[in-house]
$ cat protein-v2.cif   # mmCIF, C-alpha atoms
data_input
#
loop_
_atom_site.label_atom_id
_atom_site.label_comp_id
_atom_site.auth_asym_id
_atom_site.auth_seq_id
_atom_site.Cartn_x
_atom_site.Cartn_y
_atom_site.Cartn_z
CA THR U 959 109.12 77.00 121.69
CA ALA U 960 107.15 78.58 124.50
CA ALA U 961 103.55 79.74 124.73
CA GLY U 962 101.31 81.35 127.32
CA THR U 963 97.83 82.82 127.73
CA PHE U 964 96.29 85.35 130.08
CA THR U 965 92.57 85.46 130.89
CA MET U 966 90.78 87.24 133.73
CA ASN U 967 87.06 87.95 133.93
CA ALA U 968 86.00 90.48 131.30
CA LEU U 969 89.52 91.66 130.48
CA PRO U 970 90.92 91.04 126.98
CA LYS U 971 92.36 87.57 126.43
CA LEU U 972 96.05 87.59 125.55
CA SER U 973 98.20 84.85 124.10
CA LEU U 974 101.95 84.92 123.50
CA ASN U 975 104.23 82.58 121.61
CA TYR U 976 107.98 82.34 121.04
CA THR U 977 109.77 79.99 118.66
CA LYS U 978 113.51 79.49 118.21
CA SER U 979 114.84 77.59 115.20
CA ARG U 980 118.43 76.97 114.12
CA THR U 981 119.75 74.94 111.20
CA ASP U 982 123.40 74.23 110.43
CA TYR U 983 124.54 73.28 106.90
CA ASN U 984 127.96 71.61 107.07
CA LEU U 985 128.67 71.51 103.34
CA LEU U 986 127.52 75.09 102.79
CA GLN U 987 129.26 76.35 105.93
CA ARG U 988 126.08 78.23 106.76
CA ARG U 989 123.84 78.70 109.78
CA ASP U 990 120.21 79.84 109.68
CA ASP U 991 118.99 81.34 112.95
CA ARG U 992 115.34 82.36 113.35
CA ASP U 993 113.44 83.90 116.28
CA SER U 994 109.66 84.41 116.10
CA TYR U 995 107.49 86.34 118.55
CA THR U 996 103.69 86.37 118.27
CA GLY U 997 101.01 88.10 120.30
CA ASN U 998 97.23 87.88 119.97
CA MET U 999 94.45 89.76 121.74
CA THR U 1000 90.71 89.09 121.65
CA TYR U 1001 88.05 91.06 123.47
CA THR U 1002 84.28 90.70 123.71
CA SER U 1003 82.52 93.92 124.68
CA PRO U 1004 79.85 93.73 127.39
CA LEU U 1005 78.02 96.63 125.69
CA ASN U 1006 75.36 95.89 123.11
CA PHE U 1007 75.18 98.93 120.85
CA PHE U 1008 75.10 98.62 117.07
CA LEU U 1009 77.65 101.40 116.50
CA LEU U 1010 80.25 99.69 118.74
CA PRO U 1011 82.01 96.43 117.87
CA ASN U 1012 80.97 93.35 119.82
CA THR U 1013 84.31 91.64 119.30
CA ILE U 1014 87.79 93.01 118.75
CA SER U 1015 90.81 90.95 117.76
CA ALA U 1016 94.34 92.08 117.06
CA ASN U 1017 97.64 90.35 116.43
CA TYR U 1018 101.29 91.22 115.98
CA SER U 1019 104.25 89.07 115.13
CA LEU U 1020 107.95 89.72 114.73
CA ALA U 1021 110.31 87.32 112.99
CA LYS U 1022 114.07 87.78 112.83
CA ASN U 1023 115.96 85.51 110.47
CA LYS U 1024 119.75 85.56 110.23
CA VAL U 1025 121.77 83.70 107.61
CA ALA U 1026 125.49 83.62 108.41
CA TYR U 1027 128.41 81.95 106.61
CA ASN U 1028 131.60 80.71 108.17
CA THR U 1029 134.10 82.92 106.37
CA VAL U 1030 137.03 81.11 108.00
CA GLU U 1031 136.20 77.84 106.25
CA LEU U 1032 135.07 79.31 102.91
CA THR U 1033 137.54 80.06 100.13
CA THR U 1034 137.49 83.40 98.34
CA THR U 1035 135.99 81.78 95.25
CA ALA U 1036 133.26 80.06 97.26
CA ALA U 1037 132.43 83.30 99.15
CA ALA U 1038 131.98 85.36 95.98
CA GLY U 1039 128.36 86.47 95.65
CA LEU U 1040 127.40 85.31 99.15
CA TYR U 1041 126.04 87.54 101.89
CA THR U 1042 125.35 87.39 105.59
CA THR U 1043 121.76 88.64 105.90
CA ASN U 1044 119.54 89.86 108.73
CA GLU U 1045 115.86 89.78 107.79
CA ARG U 1046 113.08 91.33 109.86
CA THR U 1047 109.39 90.64 109.27
CA ASP U 1048 106.66 92.63 111.02
CA MET U 1049 103.04 91.51 110.75
CA TYR U 1050 100.03 93.46 112.04
CA GLY U 1051 96.39 92.46 111.89
CA GLY U 1052 93.03 93.41 113.30
CA LYS U 1053 89.37 92.51 112.94
CA LEU U 1054 86.15 94.00 114.29
CA GLY U 1055 82.79 92.31 114.68
CA PHE U 1056 79.61 94.41 114.53
CA THR U 1057 76.00 93.32 114.98
CA PRO U 1058 73.81 95.98 113.30
CA TRP U 1059 70.72 94.10 114.45
CA ARG U 1060 69.84 90.61 115.57
CA GLY U 1061 70.81 87.94 113.05
CA SER U 1062 73.07 90.30 111.08
CA SER U 1063 76.81 90.89 111.13
CA PHE U 1064 79.48 93.13 109.65
CA ASN U 1065 83.15 92.15 110.10
CA PRO U 1066 85.88 94.39 108.64
CA GLY U 1067 89.54 93.43 108.85
CA TYR U 1068 93.03 94.65 107.97
CA SER U 1069 96.47 93.03 107.83
CA LEU U 1070 99.94 94.30 106.96
CA GLN U 1071 103.22 92.47 106.52
CA GLN U 1072 106.53 94.26 105.97
CA VAL U 1073 109.88 92.58 105.32
CA LYS U 1074 113.18 94.46 105.55
CA GLU U 1075 116.67 93.11 105.15
CA LYS U 1076 120.23 94.07 105.91
CA ARG U 1077 123.12 92.23 104.25
CA PHE U 1078 126.89 92.15 104.53
CA ASN U 1079 129.22 91.23 101.69
CA LEU U 1080 131.54 88.39 102.75
CA LEU U 1081 134.46 89.72 100.69
CA THR U 1082 133.92 93.32 101.83
CA PRO U 1083 132.88 93.19 105.52
CA GLY U 1084 132.46 96.97 105.78
CA LEU U 1085 129.89 97.08 102.97
CA VAL U 1086 126.38 97.04 104.48
CA GLU U 1087 123.17 97.35 102.46
CA ARG U 1088 119.76 98.07 103.97
CA TYR U 1089 116.62 97.85 101.86
CA PRO U 1090 112.92 96.94 101.93
CA LYS U 1091 112.30 93.42 100.65
CA SER U 1092 108.52 93.01 100.36
CA MET U 1093 105.19 94.23 101.70
CA GLN U 1094 101.65 92.87 101.62
CA GLN U 1095 98.45 94.41 102.93
CA THR U 1096 94.85 93.24 102.81
CA VAL U 1097 91.59 95.04 103.55
CA ASP U 1098 88.45 92.95 103.66
CA PHE U 1099 84.99 92.55 105.12
CA ASN U 1100 82.26 89.92 105.24
CA SER U 1101 78.66 90.51 106.25
CA ASN U 1102 75.09 89.32 106.25
CA PHE U 1103 71.91 91.32 106.78
CA MET U 1104 68.81 89.51 107.96
CA PHE U 1105 65.76 91.53 106.97
CA PHE U 1106 63.39 88.58 107.37
CA THR U 1107 63.88 84.90 108.20
CA TRP U 1108 63.65 84.16 104.48
CA LEU U 1109 65.66 87.20 103.29
CA ASN U 1110 69.25 87.09 104.54
CA PRO U 1111 71.70 88.28 101.84
CA ALA U 1112 75.45 88.02 102.41
CA ALA U 1113 78.25 90.11 100.92
CA ASN U 1114 82.04 90.12 101.12
CA TYR U 1115 84.91 92.04 99.56
CA SER U 1116 88.69 91.97 99.83
CA ILE U 1117 91.59 93.80 98.21
CA THR U 1118 95.22 92.71 98.51
CA THR U 1119 98.33 94.61 97.43
CA MET U 1120 101.69 92.84 97.22
CA GLU U 1121 105.03 94.56 96.70
CA ASN U 1122 108.28 92.72 95.93
CA ASN U 1123 111.53 94.66 95.73
CA ASN U 1124 114.30 93.78 93.33
CA LEU U 1125 117.31 92.30 95.15
CA ASN U 1126 119.93 92.98 92.50
CA THR U 1127 121.62 96.09 91.11
CA ILE U 1128 120.09 96.94 87.73
CA THR U 1129 121.29 99.32 85.01
CA VAL U 1130 118.51 100.70 82.81
CA THR U 1131 119.43 102.33 79.50
CA LYS U 1132 116.98 104.43 77.50
CA LEU U 1133 118.36 105.94 74.31
CA SER U 1134 121.67 107.46 75.43
CA THR U 1135 120.78 107.84 79.10
CA SER U 1136 121.58 105.20 81.73
CA ALA U 1137 120.46 104.92 85.34
CA VAL U 1138 121.65 102.53 88.04
CA PHE U 1139 119.15 101.25 90.60
CA ASN U 1140 120.54 99.69 93.73
CA VAL U 1141 119.10 96.79 95.71
CA GLY U 1142 115.54 97.50 96.86
CA GLU U 1143 115.00 100.64 94.77
CA LEU U 1144 112.78 98.95 92.19
CA LYS U 1145 109.71 96.92 93.03
CA THR U 1146 106.85 95.04 91.41
CA VAL U 1147 103.35 95.77 92.68
CA ASN U 1148 100.43 93.37 92.23
CA ARG U 1149 96.89 94.20 93.28
CA THR U 1150 93.98 91.78 93.36
CA ALA U 1151 90.41 92.41 94.47
CA GLN U 1152 87.28 90.32 94.61
CA GLY U 1153 83.77 90.66 95.96
CA SER U 1154 80.54 88.72 95.95
CA VAL U 1155 76.89 88.94 96.93
CA ASN U 1156 74.91 85.79 97.78
CA LEU U 1157 71.25 85.17 98.47
CA THR U 1158 69.49 81.89 99.28
CA LEU U 1159 65.71 81.69 99.37
CA ASN U 1160 64.03 78.75 101.09
CA ILE U 1161 60.50 78.52 99.74
CA ASN U 1162 59.41 76.64 102.85
CA ASP U 1163 60.06 79.82 104.87
CA LEU U 1164 57.82 81.79 102.51
CA MET U 1165 55.03 79.25 102.16
CA PRO U 1166 55.29 76.73 104.99
CA ARG U 1167 51.88 75.21 104.21
CA ASN U 1168 52.70 74.36 100.62
CA ARG U 1169 53.84 70.73 100.53
CA PHE U 1170 54.85 70.76 96.87
CA LEU U 1171 57.38 73.58 97.29
CA ARG U 1172 58.64 72.61 100.74
CA SER U 1173 62.02 71.35 99.47
CA MET U 1174 62.53 74.07 96.88
CA ILE U 1175 65.58 76.28 97.47
CA LEU U 1176 66.71 79.09 95.18
CA SER U 1177 70.35 80.15 95.35
CA SER U 1178 71.79 83.14 93.52
CA SER U 1179 75.15 84.87 93.63
CA TYR U 1180 77.20 87.51 91.87
CA GLN U 1181 80.98 87.73 91.97
CA THR U 1182 83.48 90.19 90.54
CA GLN U 1183 87.28 90.05 90.35
CA ASP U 1184 89.91 92.42 89.06
CA GLY U 1185 93.58 93.15 89.44
CA ASP U 1186 96.58 94.94 87.99
CA SER U 1187 100.34 94.95 88.24
CA TRP U 1188 103.11 97.39 87.55
#

$ encode --input "protein-v2.cif" --output "structure tokens"
Amino acid sequence: TAAGTFTMNALPKLSLNYTKSRTDYNLLQRRDDRDSYTGNMTYTSPLNFFLLPNTISANYSLAKNKVAYNTVELTTTAAAGLYTTNERTDMYGGKLGFTPWRGSSFNPGYSLQQVKEKRFNLLTPGLVERYPKSMQQTVDFNSNFMFFTWLNPAANYSITTMENNNLNTITVTKLSTSAVFNVGELKTVNRTAQGSVNLTLNINDLMPRNRFLRSMILSSSYQTQDGDSW
């Protein structure tokens, strides 16, 4: 593994990371080889304007994972149904930080992960299949808005969509009609979303001279969740 950072005055701060991992399985006659590259950037703006973000962060990572079998040592029976695979995972992410006014914040974010794979049949070396494997993306935000010292509601919301592709060849028959779907052509999609609004009232902030209500705190919240899959 190796890591490094770059910082200079008001320029964006950069950090880089590289990881190499290799595992050999003697009984399986298999080697897993993985390379991971990650980069992060954070920036704090010197400008103080409510329409412009105060902070900006972004990240990207690339992971390459190769699973290879030793075809020389494997028998034909043992190699049946096995594949040498090359998997690639790309991850993107970003977040912005806004300050509409003093004591308030609004922070939207987005992330995306895509996984693609290429595989080779051990018994048929010339047969190569390329297909998407999965994808996940999330959009979210969290915020608070201070209108008064005693009135500071907070809200957040996020929605996540996950896609998983089928990794086998499937034949679908409806009445007298049949259709063959190859690897990666069918997928399952799951979507989940949730949001909430929270408000805490400290009576001492409203009536600081009232000794009887000094320790009284009222907390209220509302939350909603939903999702679907197909």

$ closest_atom_pairs --input "protein-v2.cif" --of "region 1069-1164 of chain U" --to "region 1007-1020 of chain U" --cutoff "10 Å" --atoms "all atoms listed in the file" --output "Markdown table"
| residue | atom | partner | partner_atom | distance |
| --- | --- | --- | --- | --- |
| U:Ser1069 | CA | U:Asn1017 | CA | 9.1 |
| U:Leu1070 | CA | U:Tyr1018 | CA | 9.6 |
| U:Gln1071 | CA | U:Ser1019 | CA | 9.3 |
| U:Gln1072 | CA | U:Leu1020 | CA | 10.0 |

$ residues_near_point --input "protein-v2.cif" --point "(112.8, 93.8, 99.1)" --cutoff "8 Å" --atoms "all atoms listed in the file" --output "tab-separated table (two decimals) with C-alpha atoms, in the frame of the given file"
chain	number	residue	atom	x	y	z
U	1073	VAL	CA	109.88	92.58	105.32
U	1074	LYS	CA	113.18	94.46	105.55
U	1075	GLU	CA	116.67	93.11	105.15
U	1089	TYR	CA	116.62	97.85	101.86
U	1090	PRO	CA	112.92	96.94	101.93
U	1091	LYS	CA	112.30	93.42	100.65
U	1092	SER	CA	108.52	93.01	100.36
U	1122	ASN	CA	108.28	92.72	95.93
U	1123	ASN	CA	111.53	94.66	95.73
U	1124	ASN	CA	114.30	93.78	93.33
U	1125	LEU	CA	117.31	92.30	95.15
U	1141	VAL	CA	119.10	96.79	95.71
U	1142	GLY	CA	115.54	97.50	96.86
U	1145	LYS	CA	109.71	96.92	93.03

$ atom_distance --input "protein-v2.cif" --atom1 "CA of Gly1067 (chain U)" --atom2 "CA of Tyr1115 (chain U)"
10.5 Å

$ atom_distance --input "protein-v2.cif" --atom1 "CA of Asn1148 (chain U)" --atom2 "CA of Ser1179 (chain U)"
26.7 Å

$ residues_around --input "protein-v2.cif" --residues "Gly1185 (chain U)" --least-positions-apart "6" --cutoff "7 Å" --atoms "all atoms listed in the file" --output "ChimeraX atom specification"
/U:1149-1151

$ resolve_selection --input "protein-v2.cif" --expression "the PyMOL selection byres ((chain U and resi 1112) around 10)" --output "PyMOL selection string"
chain U and resi 1062-1064+1100-1104+1109-1111+1113-1114+1154-1158+1179

$ atom_distance --input "protein-v2.cif" --atom1 "CA of Thr1146 (chain U)" --atom2 "CA of Ser1187 (chain U)"
7.2 Å

$ residues_around --input "protein-v2.cif" --residues "Tyr976 (chain U)" --least-positions-apart "6" --cutoff "9 Å" --atoms "only C-alpha atoms" --output "ChimeraX atom specification"
/U:959-961,993-996

$ closest_residue --input "protein-v2.cif" --among "U:Ser1116, U:Asn1140, U:Ser1134, U:Thr1002" --to "Thr1182 (chain U)" --atoms "only C-alpha atoms"
U:Ser1116

$ residues_around --input "protein-v2.cif" --residues "Asp990 (chain U)" --least-positions-apart "4" --cutoff "12 Å" --atoms "only C-alpha atoms" --output "MDAnalysis selection string"
chainID U and resid 978:984 986 1022:1028 1042:1045

$ write_last_selection --input "protein-v2.cif" --atoms "C-alpha atoms" --output "PDB file, keeping the file's coordinate frame"
ATOM      1  CA  LYS U 978     113.510  79.490 118.210  1.00  0.00           C
ATOM      2  CA  SER U 979     114.840  77.590 115.200  1.00  0.00           C
ATOM      3  CA  ARG U 980     118.430  76.970 114.120  1.00  0.00           C
ATOM      4  CA  THR U 981     119.750  74.940 111.200  1.00  0.00           C
ATOM      5  CA  ASP U 982     123.400  74.230 110.430  1.00  0.00           C
ATOM      6  CA  TYR U 983     124.540  73.280 106.900  1.00  0.00           C
ATOM      7  CA  ASN U 984     127.960  71.610 107.070  1.00  0.00           C
ATOM      8  CA  LEU U 986     127.520  75.090 102.790  1.00  0.00           C
ATOM      9  CA  LYS U1022     114.070  87.780 112.830  1.00  0.00           C
ATOM     10  CA  ASN U1023     115.960  85.510 110.470  1.00  0.00           C
ATOM     11  CA  LYS U1024     119.750  85.560 110.230  1.00  0.00           C
ATOM     12  CA  VAL U1025     121.770  83.700 107.610  1.00  0.00           C
ATOM     13  CA  ALA U1026     125.490  83.620 108.410  1.00  0.00           C
ATOM     14  CA  TYR U1027     128.410  81.950 106.610  1.00  0.00           C
ATOM     15  CA  ASN U1028     131.600  80.710 108.170  1.00  0.00           C
ATOM     16  CA  THR U1042     125.350  87.390 105.590  1.00  0.00           C
ATOM     17  CA  THR U1043     121.760  88.640 105.900  1.00  0.00           C
ATOM     18  CA  ASN U1044     119.540  89.860 108.730  1.00  0.00           C
ATOM     19  CA  GLU U1045     115.860  89.780 107.790  1.00  0.00           C
TER      20      GLU U1045
END

$ residues_around --input "protein-v2.cif" --residues "Val1030 (chain U)" --least-positions-apart "3" --cutoff "12 Å" --atoms "all atoms listed in the file" --output "number ranges by chain"
U: 987-988, 1026-1027, 1033-1034, 1036-1037, 1080-1081

$ resolve_selection --input "protein-v2.cif" --expression "the PyMOL selection byres ((chain U and resi 1108) around 7)" --output "NGL selection string"
:U and (1106-1107 or 1109-1110 or 1159-1160 or 1163-1164)

$ closest_residue --input "protein-v2.cif" --among "U:Thr1082, U:Ser1173, U:Asn1006, U:Thr1057" --to "Tyr1041 (chain U)" --atoms "all atoms listed in the file"
U:Thr1082

$ residues_around --input "protein-v2.cif" --residues "region 962-975 of chain U" --least-positions-apart "5" --cutoff "6 Å" --atoms "only C-alpha atoms" --output "PyMOL selection string"
chain U and resi 995-1001

$ closest_residue --input "protein-v2.cif" --among "U:Val1097, U:Met1174, U:Ala1137, U:Val1130" --to "Thr1118 (chain U)" --atoms "only C-alpha atoms"
U:Val1097

$ build_atoms --input "protein-v2.cif" --residues "region 1102-1120 of chain U" --atoms "N, CA and C atoms" --output "tab-separated table (two decimals), in the coordinates of the input"
chain	number	residue	atom	x	y	z
U	1102	ASN	N	76.42	89.79	106.62
U	1102	ASN	CA	75.09	89.32	106.25
U	1102	ASN	C	74.07	90.22	106.93
U	1103	PHE	N	72.94	90.41	106.27
U	1103	PHE	CA	71.91	91.32	106.78
U	1103	PHE	C	70.56	90.61	106.72
U	1104	MET	N	70.08	90.23	107.87
U	1104	MET	CA	68.81	89.51	107.96
U	1104	MET	C	67.67	90.51	108.07
U	1105	PHE	N	66.94	90.68	106.96
U	1105	PHE	CA	65.76	91.53	106.97
U	1105	PHE	C	64.53	90.76	107.41
U	1106	PHE	N	64.43	89.51	106.94
U	1106	PHE	CA	63.39	88.58	107.37
U	1106	PHE	C	64.04	87.21	107.49
U	1107	THR	N	63.32	86.25	108.07
U	1107	THR	CA	63.88	84.90	108.20
U	1107	THR	C	64.19	84.29	106.84
U	1108	TRP	N	63.44	84.71	105.82
U	1108	TRP	CA	63.65	84.16	104.48
U	1108	TRP	C	64.51	85.06	103.59
U	1109	LEU	N	64.85	86.25	104.06
U	1109	LEU	CA	65.66	87.20	103.29
U	1109	LEU	C	66.90	87.57	104.09
U	1110	ASN	N	68.01	86.89	103.78
U	1110	ASN	CA	69.25	87.09	104.54
U	1110	ASN	C	70.44	87.13	103.56
U	1111	PRO	N	70.60	88.20	102.81
U	1111	PRO	CA	71.70	88.28	101.84
U	1111	PRO	C	73.04	88.42	102.55
U	1112	ALA	N	74.09	87.94	101.88
U	1112	ALA	CA	75.45	88.02	102.41
U	1112	ALA	C	76.34	88.68	101.37
U	1113	ALA	N	77.33	89.43	101.81
U	1113	ALA	CA	78.25	90.11	100.92
U	1113	ALA	C	79.65	90.10	101.53
U	1114	ASN	N	80.66	90.05	100.66
U	1114	ASN	CA	82.04	90.12	101.12
U	1114	ASN	C	82.89	90.78	100.05
U	1115	TYR	N	84.01	91.36	100.48
U	1115	TYR	CA	84.91	92.04	99.56
U	1115	TYR	C	86.30	92.06	100.18
U	1116	SER	N	87.32	91.91	99.35
U	1116	SER	CA	88.69	91.97	99.83
U	1116	SER	C	89.58	92.53	98.73
U	1117	ILE	N	90.60	93.26	99.14
U	1117	ILE	CA	91.59	93.80	98.21
U	1117	ILE	C	92.97	93.60	98.83
U	1118	THR	N	93.88	93.03	98.04
U	1118	THR	CA	95.22	92.71	98.51
U	1118	THR	C	96.25	93.35	97.59
U	1119	THR	N	97.23	94.01	98.18
U	1119	THR	CA	98.33	94.61	97.43
U	1119	THR	C	99.63	93.98	97.89
U	1120	MET	N	100.41	93.48	96.93
U	1120	MET	CA	101.69	92.84	97.22
U	1120	MET	C	102.82	93.58	96.51
